[in-house]
Amino acid sequence: MPPTPPTSSANPQVKSSRNGSGSADLDRGIISDDDDDDDEDNSKEESGVNGASTTEKKQKKRKRSNKKKKKTSATQQTTPPRVPLSTLFASDIYPAGQLVPYDENTARTTDEELRYNSRLWDEDFLPDYRKAAEIHRQVRQYAQKELIKPGTSLTDIAEGIEDGVRALSGHQGLETGDAFHAGMGFPTGLCLNHVAAHWTPNPGAKDVILDKNDVLKVDFGVHVNGRIVDSAFTVAFEEKYDHLLTAVKEATNTGIQHAGIDARMGEIGAAIQEVMESYEVEIDGKTRPVKAIRNITGHDILRYHIHGSKQIPFIKSNNRDKMEEGEVFAIETFGSTGQGYLTDDVGVYGYGRNTDISGANLRLASAKSLLKTIDSNFGSIVFCRRYLERLGVSHYHLGMKNLIDNGIVESYAPLVDVKGSYTAQFEHTILLHSGGKEVISRGDDY
Ligand SMILES: [Co+2]
């Protein structure tokens, strides 16, 4: 999910909790260079590769989660995915993402044990992040195989993804405060063709049916204790879009490759743009260059906040901000056959609470009660109308308008290039360890 074009909601808040020693997580770290851990989850688990040296701390943790597990003996994920990850991974050890050492000159340590961790993270940081990423992989791979087909409605795809995420995270989010433990990190984005970002089905609107000529961007987030994994992919059924998808996938991987401690945003953007714009596509007899979209960016991710204040452009710029150890980034790129510039469309994607502004001065009763619902169920997590309605909230439009007018809630509009154009997106979340980066959302699909 990209930030909205004019740098909005600059409310970076607290950076994740930064107490505790970094080494407590080491025993969970799976030090391997495997690209795709997905297929090996169970075998790793059984052979104990990950759990060799367990600390006292972790044993305590296991006791807590074992209670749940004994109720079921399932060891395999179901279709549709409904088995909580805490059941599938009996010791609460989740697979690491793709681990990539930094270039020698930026490496802060040569100690393997310290390399894939950071003293800036608390002991739950990595396990929570790896769990969220595994939920993302399992749900998206189910969606790719079973859900995303021509003739399916976008509502069915969105709900299929969201039902999967909530089941695997073990939190339906229906009771007050439950969604803060784990669940959706932001509303499922399902954007067709010239719609690049920030579109999700709304209740009461005419449903949209996926067509075989469509280019669909699927962008969803999973969080565990506020650690948000933000990852997206693009699906097309017709061969004519292959170059567009390849250009964007390679551009995103280039961004990931250039990311690291002290890497500068403008330089990463330049590398992304060069790869992206080396492609052209022929669609229905017309050849068009692939343009890197220039007015949205990748971004850092803070705890419970999908957007921090750092931006990673897809184009060359003089942005000299640097990446730092311990930070989390959504590395995403968008390519387009259109103008490469996005504008707001009509409609609403979702809403985000501006946690800097209090609702103490609100006068309208419907706004006050809606804000209470928002603060007790979403906090700073971006949500959409479908999420309000599944909580039984209705007649919220007037109250919402009042919250928006007072700057307490921000609403997000769909972002579109020109009609008739096609846009594509790929996105991964990366963690900057002290001696290497972890592409936490990497899978064997992308
Ligand atoms: Co994003």
# chains A, B, ... in the order shown; residues from 1 in each chain; ligands from 1
call {"tool": "residues_near_ligand", "arguments": {"ligand": "ligand 1", "cutoff": "9 Å", "atoms": "only C-alpha atoms and all ligand atoms", "output": "list in words"}}
result
Met1, Pro2, Pro3, Asp219, Phe220, Gly221, Val229, Asp230, Ser231, Ala232, Thr297, Gly298, His299, Asp300, Ile301, Ile306, His307, Phe329, Ala330, Ile331, Glu332, Glu427, His428 and Thr429 of chain A
call {"tool": "residues_around", "arguments": {"residues": "range 146-156 of chain A", "least_positions_apart": "4", "cutoff": "8 Å", "atoms": "only C-alpha atoms", "output": "CSV table (one decimal) with N, CA and C atoms, in the first residue's frame"}}
result
chain,number,residue,atom,x,y,z
A,142,TYR,N,-3.1,-19.3,-1.6
A,142,TYR,CA,-4.4,-19.8,-1.8
A,142,TYR,C,-5.2,-18.9,-2.8
A,160,GLY,N,-12.4,-13.5,0.7
A,160,GLY,CA,-11.7,-14.8,0.8
A,160,GLY,C,-10.3,-14.5,1.4
A,190,LEU,N,-7.7,-4.2,-4.3
A,190,LEU,CA,-7.9,-5.0,-5.6
A,190,LEU,C,-8.1,-4.0,-6.7
A,201,PRO,N,-13.5,-3.3,-2.5
A,201,PRO,CA,-15.0,-3.3,-2.7
A,201,PRO,C,-15.7,-2.6,-1.5
A,207,ASP,N,-21.1,-4.8,-7.6
A,207,ASP,CA,-19.9,-5.7,-7.5
A,207,ASP,C,-19.2,-5.7,-8.9
A,208,VAL,N,-17.9,-5.8,-8.8
A,208,VAL,CA,-17.1,-5.8,-10.0
A,208,VAL,C,-16.6,-7.3,-10.3
A,209,ILE,N,-16.8,-7.7,-11.5
A,209,ILE,CA,-16.4,-9.1,-11.9
A,209,ILE,C,-15.1,-9.1,-12.6
A,210,LEU,N,-14.2,-9.9,-12.2
A,210,LEU,CA,-12.8,-10.0,-12.8
A,210,LEU,C,-13.0,-10.5,-14.2
A,211,ASP,N,-12.3,-9.8,-15.2
A,211,ASP,CA,-12.4,-10.2,-16.6
A,211,ASP,C,-11.0,-10.8,-17.0
A,212,LYS,N,-11.0,-11.6,-18.0
A,212,LYS,CA,-9.7,-12.2,-18.4
A,212,LYS,C,-8.8,-11.2,-19.1
call {"tool": "atom_distance", "arguments": {"atom1": "CA of Tyr94 in chain A", "atom2": "CA of Ser309 in chain A"}}
result
29.2 Å
call {"tool": "residues_around", "arguments": {"residues": "Ala196 in chain A", "least_positions_apart": "3", "cutoff": "6 Å", "atoms": "only C-alpha atoms", "output": "PyMOL selection string"}}
result
chain A and resi 191+415-416+423
call {"tool": "closest_residue", "arguments": {"among": "A:Glu162, A:Asp356, A:Glu389, A:Asp321", "to": "Ala182 in chain A", "atoms": "only C-alpha atoms"}}
result
A:Glu162
call {"tool": "closest_residue", "arguments": {"among": "A:Asn213, A:Asn318, A:Thr78, A:Thr176", "to": "Arg264 in chain A", "atoms": "only C-alpha atoms"}}
result
A:Asn318
call {"tool": "closest_atom_pairs", "arguments": {"of": "range 313-367 of chain A", "to": "range 395-399 of chain A", "cutoff": "12 Å", "atoms": "only C-alpha atoms", "output": "JSON lines"}}
result
{"residue": "A:Val348", "atom": "CA", "partner": "A:His397", "partner_atom": "CA", "distance": 11.7}
{"residue": "A:Leu362", "atom": "CA", "partner": "A:Gly399", "partner_atom": "CA", "distance": 10.2}
{"residue": "A:Arg363", "atom": "CA", "partner": "A:Gly399", "partner_atom": "CA", "distance": 10.4}
{"residue": "A:Leu364", "atom": "CA", "partner": "A:Gly399", "partner_atom": "CA", "distance": 7.3}
{"residue": "A:Ala365", "atom": "CA", "partner": "A:Gly399", "partner_atom": "CA", "distance": 7.9}
{"residue": "A:Ser366", "atom": "CA", "partner": "A:Gly399", "partner_atom": "CA", "distance": 4.9}
{"residue": "A:Ala367", "atom": "CA", "partner": "A:Gly399", "partner_atom": "CA", "distance": 3.9}
call {"tool": "write_last_selection", "arguments": {"atoms": "C-alpha atoms", "output": "compact mmCIF listing (two decimals), in the first residue's frame"}}
result
# COMPACT_ATOMS: atom_id res chain seq x y z
CA VAL A 348 -13.41 5.88 -0.96
CA LEU A 362 -16.52 16.82 19.01
CA ARG A 363 -20.15 17.91 19.36
CA LEU A 364 -21.97 15.57 17.03
CA ALA A 365 -23.15 12.45 18.90
CA SER A 366 -22.84 10.19 15.85
CA ALA A 367 -19.24 11.34 15.33
call {"tool": "select_by_dssp", "arguments": {"residues": "range 286-406 of chain A", "states": "strand (DSSP E or B)", "output": "PyMOL selection string"}}
result
chain A and resi 286-289+291-292+297-300+302+305+311-313+322+328-336+343-344+350-353+383
call {"tool": "write_last_selection", "arguments": {"atoms": "C-alpha atoms", "output": "PDB file, in the first residue's frame"}}
result
ATOM      1  CA  LYS A 286       0.286  -0.455 -29.772  1.00  0.00           C
ATOM      2  CA  THR A 287       3.784  -0.305 -28.343  1.00  0.00           C
ATOM      3  CA  ARG A 288       4.148   1.738 -25.192  1.00  0.00           C
ATOM      4  CA  PRO A 289       7.041   2.399 -22.802  1.00  0.00           C
ATOM      5  CA  LYS A 291       6.867   4.305 -17.012  1.00  0.00           C
ATOM      6  CA  ALA A 292       7.763   4.318 -13.356  1.00  0.00           C
ATOM      7  CA  THR A 297       6.523   5.843  -3.192  1.00  0.00           C
ATOM      8  CA  GLY A 298       7.577   2.954  -1.027  1.00  0.00           C
ATOM      9  CA  HIS A 299       7.714   3.783   2.682  1.00  0.00           C
ATOM     10  CA  ASP A 300       8.908   2.825   6.108  1.00  0.00           C
ATOM     11  CA  LEU A 302       6.117   1.686  12.078  1.00  0.00           C
ATOM     12  CA  HIS A 305       1.342   2.517  11.382  1.00  0.00           C
ATOM     13  CA  GLN A 311       9.722   7.589   1.241  1.00  0.00           C
ATOM     14  CA  ILE A 312      11.395   5.452  -1.395  1.00  0.00           C
ATOM     15  CA  PRO A 313      10.633   6.842  -4.849  1.00  0.00           C
ATOM     16  CA  LYS A 322      19.093   7.139   4.529  1.00  0.00           C
ATOM     17  CA  VAL A 328      11.222  -1.803   8.322  1.00  0.00           C
ATOM     18  CA  PHE A 329      10.461  -0.821   4.736  1.00  0.00           C
ATOM     19  CA  ALA A 330       7.780  -1.613   2.215  1.00  0.00           C
ATOM     20  CA  ILE A 331       9.724  -1.759  -1.030  1.00  0.00           C
ATOM     21  CA  GLU A 332       7.154  -1.412  -3.755  1.00  0.00           C
ATOM     22  CA  THR A 333       7.151  -0.169  -7.297  1.00  0.00           C
ATOM     23  CA  PHE A 334       4.423   0.672  -9.792  1.00  0.00           C
ATOM     24  CA  GLY A 335       4.804   0.735 -13.543  1.00  0.00           C
ATOM     25  CA  SER A 336       2.304   2.121 -16.023  1.00  0.00           C
ATOM     26  CA  THR A 343      -4.663  11.344  -9.497  1.00  0.00           C
ATOM     27  CA  ASP A 344      -7.481  10.804  -7.019  1.00  0.00           C
ATOM     28  CA  GLY A 350     -10.636   3.421   3.462  1.00  0.00           C
ATOM     29  CA  TYR A 351     -10.000   5.541   6.503  1.00  0.00           C
ATOM     30  CA  GLY A 352      -7.100   6.132   8.847  1.00  0.00           C
ATOM     31  CA  ARG A 353      -7.215   7.637  12.322  1.00  0.00           C
ATOM     32  CA  PHE A 383      -9.872   0.230   7.773  1.00  0.00           C
TER      33      PHE A 383
END
call {"tool": "atom_distance", "arguments": {"atom1": "CA of Gly266 in chain A", "atom2": "CA of Ile296 in chain A"}}
result
13.5 Å
call {"tool": "residues_around", "arguments": {"residues": "Arg390 in chain A", "least_positions_apart": "2", "cutoff": "12 Å", "atoms": "only C-alpha atoms", "output": "PyMOL selection string"}}
result
chain A and resi 159+162-163+172-175+202-203+377+383-388+392-394
call {"tool": "write_last_selection", "arguments": {"atoms": "N, CA and C atoms", "output": "tab-separated table (two decimals), in the first residue's frame"}}
result
chain	number	residue	atom	x	y	z
A	159	GLU	N	-13.01	-10.84	0.40
A	159	GLU	CA	-13.46	-11.53	1.60
A	159	GLU	C	-12.74	-12.86	1.78
A	162	GLU	N	-9.44	-11.93	3.32
A	162	GLU	CA	-9.59	-11.43	4.70
A	162	GLU	C	-10.04	-12.54	5.66
A	163	ASP	N	-10.93	-13.41	5.21
A	163	ASP	CA	-11.33	-14.54	6.06
A	163	ASP	C	-10.12	-15.43	6.35
A	172	GLN	N	-10.53	-13.02	14.97
A	172	GLN	CA	-11.58	-12.58	14.05
A	172	GLN	C	-11.79	-11.07	14.11
A	173	GLY	N	-11.36	-10.46	15.20
A	173	GLY	CA	-11.49	-9.01	15.30
A	173	GLY	C	-12.92	-8.53	15.51
A	174	LEU	N	-13.78	-9.40	16.01
A	174	LEU	CA	-15.18	-8.99	16.20
A	174	LEU	C	-15.44	-8.47	17.60
A	175	GLU	N	-14.64	-8.91	18.55
A	175	GLU	CA	-14.79	-8.36	19.89
A	175	GLU	C	-13.90	-7.13	20.05
A	202	ASN	N	-16.71	-1.82	-1.76
A	202	ASN	CA	-17.49	-1.22	-0.69
A	202	ASN	C	-18.87	-1.87	-0.63
A	203	PRO	N	-19.43	-1.98	0.57
A	203	PRO	CA	-20.75	-2.59	0.70
A	203	PRO	C	-21.79	-1.71	0.00
A	377	ASN	N	-11.41	-0.39	18.03
A	377	ASN	CA	-11.29	-1.55	17.15
A	377	ASN	C	-10.15	-1.47	16.13
A	383	PHE	N	-8.72	1.13	7.90
A	383	PHE	CA	-9.87	0.23	7.77
A	383	PHE	C	-10.79	0.73	6.66
A	384	CYS	N	-11.76	-0.10	6.28
A	384	CYS	CA	-12.67	0.29	5.20
A	384	CYS	C	-14.11	0.10	5.66
A	385	ARG	N	-15.04	0.47	4.78
A	385	ARG	CA	-16.46	0.37	5.14
A	385	ARG	C	-16.88	-1.06	5.45
A	386	ARG	N	-16.37	-2.01	4.70
A	386	ARG	CA	-16.73	-3.41	4.98
A	386	ARG	C	-16.33	-3.81	6.39
A	387	TYR	N	-15.20	-3.28	6.89
A	387	TYR	CA	-14.75	-3.66	8.24
A	387	TYR	C	-15.65	-3.05	9.31
A	388	LEU	N	-16.17	-1.85	9.02
A	388	LEU	CA	-17.12	-1.24	9.96
A	388	LEU	C	-18.42	-2.04	9.98
A	392	GLY	N	-21.14	-4.49	12.69
A	392	GLY	CA	-22.53	-4.12	12.95
A	392	GLY	C	-22.76	-2.63	12.95
A	393	VAL	N	-21.76	-1.84	12.54
A	393	VAL	CA	-21.93	-0.39	12.50
A	393	VAL	C	-22.70	-0.01	11.23
A	394	SER	N	-23.72	0.85	11.39
A	394	SER	CA	-24.46	1.33	10.22
A	394	SER	C	-24.72	2.82	10.38
call {"tool": "closest_residue", "arguments": {"among": "A:Ala270, A:Asp262, A:Gly443, A:Pro414", "to": "Ile135 in chain A", "atoms": "only C-alpha atoms"}}
result
A:Gly443
call {"tool": "atom_distance", "arguments": {"atom1": "CA of Asn225 in chain A", "atom2": "CA of His181 in chain A"}}
result
4.9 Å
call {"tool": "select_by_dssp", "arguments": {"residues": "range 170-323 of chain A", "states": "helix (DSSP H, G or I)", "output": "count of residues only"}}
result
35
call {"tool": "residues_around", "arguments": {"residues": "range 215-218 of chain A", "least_positions_apart": "6", "cutoff": "9 Å", "atoms": "only C-alpha atoms", "output": "list of chain:residue names"}}
result
A:Arg140, A:Thr188, A:Gly189, A:Leu190, A:Cys191, A:Leu192, A:Asn193, A:His194, A:Val195, A:Ala196, A:Ala197, A:Ser231, A:Ala232, A:Phe233, A:Thr234, A:Val235, A:Ala236, A:Phe237, A:Glu238, A:Tyr241, A:Tyr422, A:Thr423, A:Ala424, A:Gln425, A:Phe426
call {"tool": "closest_residue", "arguments": {"among": "A:Tyr412, A:Phe378, A:Lys310, A:Gly435", "to": "Asn117 in chain A", "atoms": "only C-alpha atoms"}}
result
A:Gly435
call {"tool": "closest_residue", "arguments": {"among": "A:Ile404, A:Asp242, A:Arg294, A:Glu324", "to": "Leu370 in chain A", "atoms": "only C-alpha atoms"}}
result
A:Ile404
call {"tool": "residues_around", "arguments": {"residues": "Ile272 in chain A", "least_positions_apart": "6", "cutoff": "8 Å", "atoms": "only C-alpha atoms", "output": "MDAnalysis selection string"}}
result
chainID A and resid 251:252 254:255 314:315 333
call {"tool": "closest_residue", "arguments": {"among": "A:Pro84, A:Gly338, A:Gly285, A:Gly177", "to": "Leu391 in chain A", "atoms": "only C-alpha atoms"}}
result
A:Gly177
call {"tool": "decode", "arguments": {"residues": "range 196-245 of chain A", "atoms": "N, CA and C atoms", "output": "PDB file, in the first residue's frame"}}
result
ATOM      1  N   ALA A 196      -4.446   2.168  -9.917  1.00  0.00           N
ATOM      2  CA  ALA A 196      -3.155   1.646  -9.462  1.00  0.00           C
ATOM      3  C   ALA A 196      -3.200   1.206  -8.007  1.00  0.00           C
ATOM      4  N   ALA A 197      -3.871   1.982  -7.165  1.00  0.00           N
ATOM      5  CA  ALA A 197      -3.834   1.698  -5.726  1.00  0.00           C
ATOM      6  C   ALA A 197      -5.086   2.235  -5.043  1.00  0.00           C
ATOM      7  N   HIS A 198      -5.291   1.751  -3.822  1.00  0.00           N
ATOM      8  CA  HIS A 198      -6.370   2.256  -2.953  1.00  0.00           C
ATOM      9  C   HIS A 198      -7.782   2.036  -3.512  1.00  0.00           C
ATOM     10  N   TRP A 199      -8.042   0.840  -3.938  1.00  0.00           N
ATOM     11  CA  TRP A 199      -9.432   0.492  -4.270  1.00  0.00           C
ATOM     12  C   TRP A 199      -9.772  -0.819  -3.558  1.00  0.00           C
ATOM     13  N   THR A 200     -10.917  -0.829  -2.911  1.00  0.00           N
ATOM     14  CA  THR A 200     -11.408  -2.063  -2.295  1.00  0.00           C
ATOM     15  C   THR A 200     -12.917  -2.071  -2.464  1.00  0.00           C
ATOM     16  N   PRO A 201     -13.549  -3.256  -2.526  1.00  0.00           N
ATOM     17  CA  PRO A 201     -15.007  -3.278  -2.688  1.00  0.00           C
ATOM     18  C   PRO A 201     -15.686  -2.620  -1.485  1.00  0.00           C
ATOM     19  N   ASN A 202     -16.710  -1.825  -1.763  1.00  0.00           N
ATOM     20  CA  ASN A 202     -17.490  -1.217  -0.694  1.00  0.00           C
ATOM     21  C   ASN A 202     -18.867  -1.866  -0.633  1.00  0.00           C
ATOM     22  N   PRO A 203     -19.429  -1.979   0.573  1.00  0.00           N
ATOM     23  CA  PRO A 203     -20.751  -2.586   0.696  1.00  0.00           C
ATOM     24  C   PRO A 203     -21.788  -1.712   0.001  1.00  0.00           C
ATOM     25  N   GLY A 204     -22.751  -2.352  -0.629  1.00  0.00           N
ATOM     26  CA  GLY A 204     -23.821  -1.601  -1.286  1.00  0.00           C
ATOM     27  C   GLY A 204     -23.479  -1.142  -2.689  1.00  0.00           C
ATOM     28  N   ALA A 205     -22.205  -1.210  -3.056  1.00  0.00           N
ATOM     29  CA  ALA A 205     -21.824  -0.787  -4.411  1.00  0.00           C
ATOM     30  C   ALA A 205     -21.997  -1.968  -5.367  1.00  0.00           C
ATOM     31  N   LYS A 206     -22.142  -1.656  -6.643  1.00  0.00           N
ATOM     32  CA  LYS A 206     -22.274  -2.706  -7.646  1.00  0.00           C
ATOM     33  C   LYS A 206     -20.976  -3.525  -7.665  1.00  0.00           C
ATOM     34  N   ASP A 207     -21.123  -4.828  -7.600  1.00  0.00           N
ATOM     35  CA  ASP A 207     -19.919  -5.657  -7.537  1.00  0.00           C
ATOM     36  C   ASP A 207     -19.200  -5.663  -8.893  1.00  0.00           C
ATOM     37  N   VAL A 208     -17.890  -5.811  -8.820  1.00  0.00           N
ATOM     38  CA  VAL A 208     -17.076  -5.829 -10.036  1.00  0.00           C
ATOM     39  C   VAL A 208     -16.627  -7.262 -10.280  1.00  0.00           C
ATOM     40  N   ILE A 209     -16.787  -7.722 -11.518  1.00  0.00           N
ATOM     41  CA  ILE A 209     -16.401  -9.093 -11.864  1.00  0.00           C
ATOM     42  C   ILE A 209     -15.074  -9.065 -12.611  1.00  0.00           C
ATOM     43  N   LEU A 210     -14.157  -9.900 -12.175  1.00  0.00           N
ATOM     44  CA  LEU A 210     -12.838  -9.964 -12.807  1.00  0.00           C
ATOM     45  C   LEU A 210     -12.964 -10.515 -14.224  1.00  0.00           C
ATOM     46  N   ASP A 211     -12.315  -9.839 -15.166  1.00  0.00           N
ATOM     47  CA  ASP A 211     -12.368 -10.239 -16.575  1.00  0.00           C
ATOM     48  C   ASP A 211     -11.000 -10.772 -17.006  1.00  0.00           C
ATOM     49  N   LYS A 212     -10.992 -11.638 -18.022  1.00  0.00           N
ATOM     50  CA  LYS A 212      -9.714 -12.222 -18.422  1.00  0.00           C
ATOM     51  C   LYS A 212      -8.757 -11.205 -19.054  1.00  0.00           C
ATOM     52  N   ASN A 213      -9.296 -10.051 -19.458  1.00  0.00           N
ATOM     53  CA  ASN A 213      -8.440  -8.996 -20.018  1.00  0.00           C
ATOM     54  C   ASN A 213      -7.915  -8.022 -18.970  1.00  0.00           C
ATOM     55  N   ASP A 214      -8.279  -8.252 -17.710  1.00  0.00           N
ATOM     56  CA  ASP A 214      -7.888  -7.328 -16.649  1.00  0.00           C
ATOM     57  C   ASP A 214      -6.461  -7.559 -16.154  1.00  0.00           C
ATOM     58  N   VAL A 215      -5.900  -6.474 -15.647  1.00  0.00           N
ATOM     59  CA  VAL A 215      -4.650  -6.551 -14.886  1.00  0.00           C
ATOM     60  C   VAL A 215      -5.012  -6.196 -13.446  1.00  0.00           C
ATOM     61  N   LEU A 216      -4.846  -7.144 -12.536  1.00  0.00           N
ATOM     62  CA  LEU A 216      -5.301  -6.971 -11.148  1.00  0.00           C
ATOM     63  C   LEU A 216      -4.112  -6.866 -10.189  1.00  0.00           C
ATOM     64  N   LYS A 217      -4.073  -5.775  -9.408  1.00  0.00           N
ATOM     65  CA  LYS A 217      -3.090  -5.640  -8.342  1.00  0.00           C
ATOM     66  C   LYS A 217      -3.736  -6.097  -7.035  1.00  0.00           C
ATOM     67  N   VAL A 218      -3.075  -6.996  -6.328  1.00  0.00           N
ATOM     68  CA  VAL A 218      -3.585  -7.499  -5.046  1.00  0.00           C
ATOM     69  C   VAL A 218      -2.610  -7.057  -3.963  1.00  0.00           C
ATOM     70  N   ASP A 219      -3.054  -6.143  -3.119  1.00  0.00           N
ATOM     71  CA  ASP A 219      -2.177  -5.540  -2.106  1.00  0.00           C
ATOM     72  C   ASP A 219      -2.865  -5.664  -0.755  1.00  0.00           C
ATOM     73  N   PHE A 220      -2.325  -6.537   0.110  1.00  0.00           N
ATOM     74  CA  PHE A 220      -2.943  -6.629   1.439  1.00  0.00           C
ATOM     75  C   PHE A 220      -1.875  -6.720   2.517  1.00  0.00           C
ATOM     76  N   GLY A 221      -2.295  -6.376   3.738  1.00  0.00           N
ATOM     77  CA  GLY A 221      -1.364  -6.355   4.852  1.00  0.00           C
ATOM     78  C   GLY A 221      -1.823  -7.286   5.950  1.00  0.00           C
ATOM     79  N   VAL A 222      -0.850  -7.891   6.624  1.00  0.00           N
ATOM     80  CA  VAL A 222      -1.138  -8.748   7.773  1.00  0.00           C
ATOM     81  C   VAL A 222      -0.329  -8.214   8.943  1.00  0.00           C
ATOM     82  N   HIS A 223      -0.971  -8.077  10.096  1.00  0.00           N
ATOM     83  CA  HIS A 223      -0.177  -7.669  11.251  1.00  0.00           C
ATOM     84  C   HIS A 223      -0.310  -8.667  12.399  1.00  0.00           C
ATOM     85  N   VAL A 224       0.759  -8.801  13.158  1.00  0.00           N
ATOM     86  CA  VAL A 224       0.748  -9.557  14.407  1.00  0.00           C
ATOM     87  C   VAL A 224       1.321  -8.611  15.457  1.00  0.00           C
ATOM     88  N   ASN A 225       0.513  -8.282  16.443  1.00  0.00           N
ATOM     89  CA  ASN A 225       0.902  -7.313  17.470  1.00  0.00           C
ATOM     90  C   ASN A 225       1.425  -6.002  16.883  1.00  0.00           C
ATOM     91  N   GLY A 226       0.807  -5.587  15.796  1.00  0.00           N
ATOM     92  CA  GLY A 226       1.167  -4.293  15.206  1.00  0.00           C
ATOM     93  C   GLY A 226       2.348  -4.343  14.262  1.00  0.00           C
ATOM     94  N   ARG A 227       2.951  -5.508  14.118  1.00  0.00           N
ATOM     95  CA  ARG A 227       4.068  -5.647  13.160  1.00  0.00           C
ATOM     96  C   ARG A 227       3.447  -5.948  11.803  1.00  0.00           C
ATOM     97  N   ILE A 228       3.439  -4.962  10.926  1.00  0.00           N
ATOM     98  CA  ILE A 228       2.689  -5.084   9.668  1.00  0.00           C
ATOM     99  C   ILE A 228       3.581  -5.537   8.515  1.00  0.00           C
ATOM    100  N   VAL A 229       3.132  -6.607   7.838  1.00  0.00           N
ATOM    101  CA  VAL A 229       3.747  -7.032   6.578  1.00  0.00           C
ATOM    102  C   VAL A 229       2.883  -6.471   5.450  1.00  0.00           C
ATOM    103  N   ASP A 230       3.490  -5.726   4.560  1.00  0.00           N
ATOM    104  CA  ASP A 230       2.808  -5.061   3.453  1.00  0.00           C
ATOM    105  C   ASP A 230       3.410  -5.620   2.174  1.00  0.00           C
ATOM    106  N   SER A 231       2.609  -6.387   1.433  1.00  0.00           N
ATOM    107  CA  SER A 231       3.165  -7.054   0.255  1.00  0.00           C
ATOM    108  C   SER A 231       2.082  -7.167  -0.818  1.00  0.00           C
ATOM    109  N   ALA A 232       2.500  -7.002  -2.071  1.00  0.00           N
ATOM    110  CA  ALA A 232       1.529  -6.969  -3.167  1.00  0.00           C
ATOM    111  C   ALA A 232       2.078  -7.647  -4.415  1.00  0.00           C
ATOM    112  N   PHE A 233       1.148  -8.123  -5.247  1.00  0.00           N
ATOM    113  CA  PHE A 233       1.528  -8.746  -6.514  1.00  0.00           C
ATOM    114  C   PHE A 233       0.487  -8.389  -7.569  1.00  0.00           C
ATOM    115  N   THR A 234       0.812  -8.683  -8.821  1.00  0.00           N
ATOM    116  CA  THR A 234      -0.097  -8.382  -9.926  1.00  0.00           C
ATOM    117  C   THR A 234      -0.411  -9.659 -10.688  1.00  0.00           C
ATOM    118  N   VAL A 235      -1.682  -9.802 -11.060  1.00  0.00           N
ATOM    119  CA  VAL A 235      -2.127 -10.969 -11.823  1.00  0.00           C
ATOM    120  C   VAL A 235      -2.703 -10.511 -13.167  1.00  0.00           C
ATOM    121  N   ALA A 236      -2.306 -11.200 -14.237  1.00  0.00           N
ATOM    122  CA  ALA A 236      -2.936 -10.984 -15.550  1.00  0.00           C
ATOM    123  C   ALA A 236      -3.075 -12.355 -16.204  1.00  0.00           C
ATOM    124  N   PHE A 237      -4.100 -12.514 -17.002  1.00  0.00           N
ATOM    125  CA  PHE A 237      -4.353 -13.817 -17.625  1.00  0.00           C
ATOM    126  C   PHE A 237      -3.890 -13.856 -19.073  1.00  0.00           C
ATOM    127  N   GLU A 238      -3.682 -12.677 -19.650  1.00  0.00           N
ATOM    128  CA  GLU A 238      -3.291 -12.592 -21.061  1.00  0.00           C
ATOM    129  C   GLU A 238      -1.794 -12.322 -21.171  1.00  0.00           C
ATOM    130  N   GLU A 239      -1.201 -13.024 -22.152  1.00  0.00           N
ATOM    131  CA  GLU A 239       0.250 -12.941 -22.346  1.00  0.00           C
ATOM    132  C   GLU A 239       0.742 -11.522 -22.669  1.00  0.00           C
ATOM    133  N   LYS A 240      -0.129 -10.722 -23.283  1.00  0.00           N
ATOM    134  CA  LYS A 240       0.282  -9.386 -23.737  1.00  0.00           C
ATOM    135  C   LYS A 240       0.757  -8.483 -22.596  1.00  0.00           C
ATOM    136  N   TYR A 241       0.414  -8.843 -21.369  1.00  0.00           N
ATOM    137  CA  TYR A 241       0.829  -8.020 -20.229  1.00  0.00           C
ATOM    138  C   TYR A 241       2.136  -8.495 -19.589  1.00  0.00           C
ATOM    139  N   ASP A 242       2.699  -9.576 -20.123  1.00  0.00           N
ATOM    140  CA  ASP A 242       3.876 -10.186 -19.484  1.00  0.00           C
ATOM    141  C   ASP A 242       5.014  -9.196 -19.244  1.00  0.00           C
ATOM    142  N   HIS A 243       5.325  -8.376 -20.254  1.00  0.00           N
ATOM    143  CA  HIS A 243       6.456  -7.453 -20.104  1.00  0.00           C
ATOM    144  C   HIS A 243       6.198  -6.400 -19.031  1.00  0.00           C
ATOM    145  N   LEU A 244       4.949  -5.979 -18.928  1.00  0.00           N
ATOM    146  CA  LEU A 244       4.607  -4.997 -17.895  1.00  0.00           C
ATOM    147  C   LEU A 244       4.856  -5.616 -16.513  1.00  0.00           C
ATOM    148  N   LEU A 245       4.384  -6.834 -16.314  1.00  0.00           N
ATOM    149  CA  LEU A 245       4.542  -7.475 -15.010  1.00  0.00           C
ATOM    150  C   LEU A 245       6.015  -7.762 -14.714  1.00  0.00           C
TER     151      LEU A 245
END
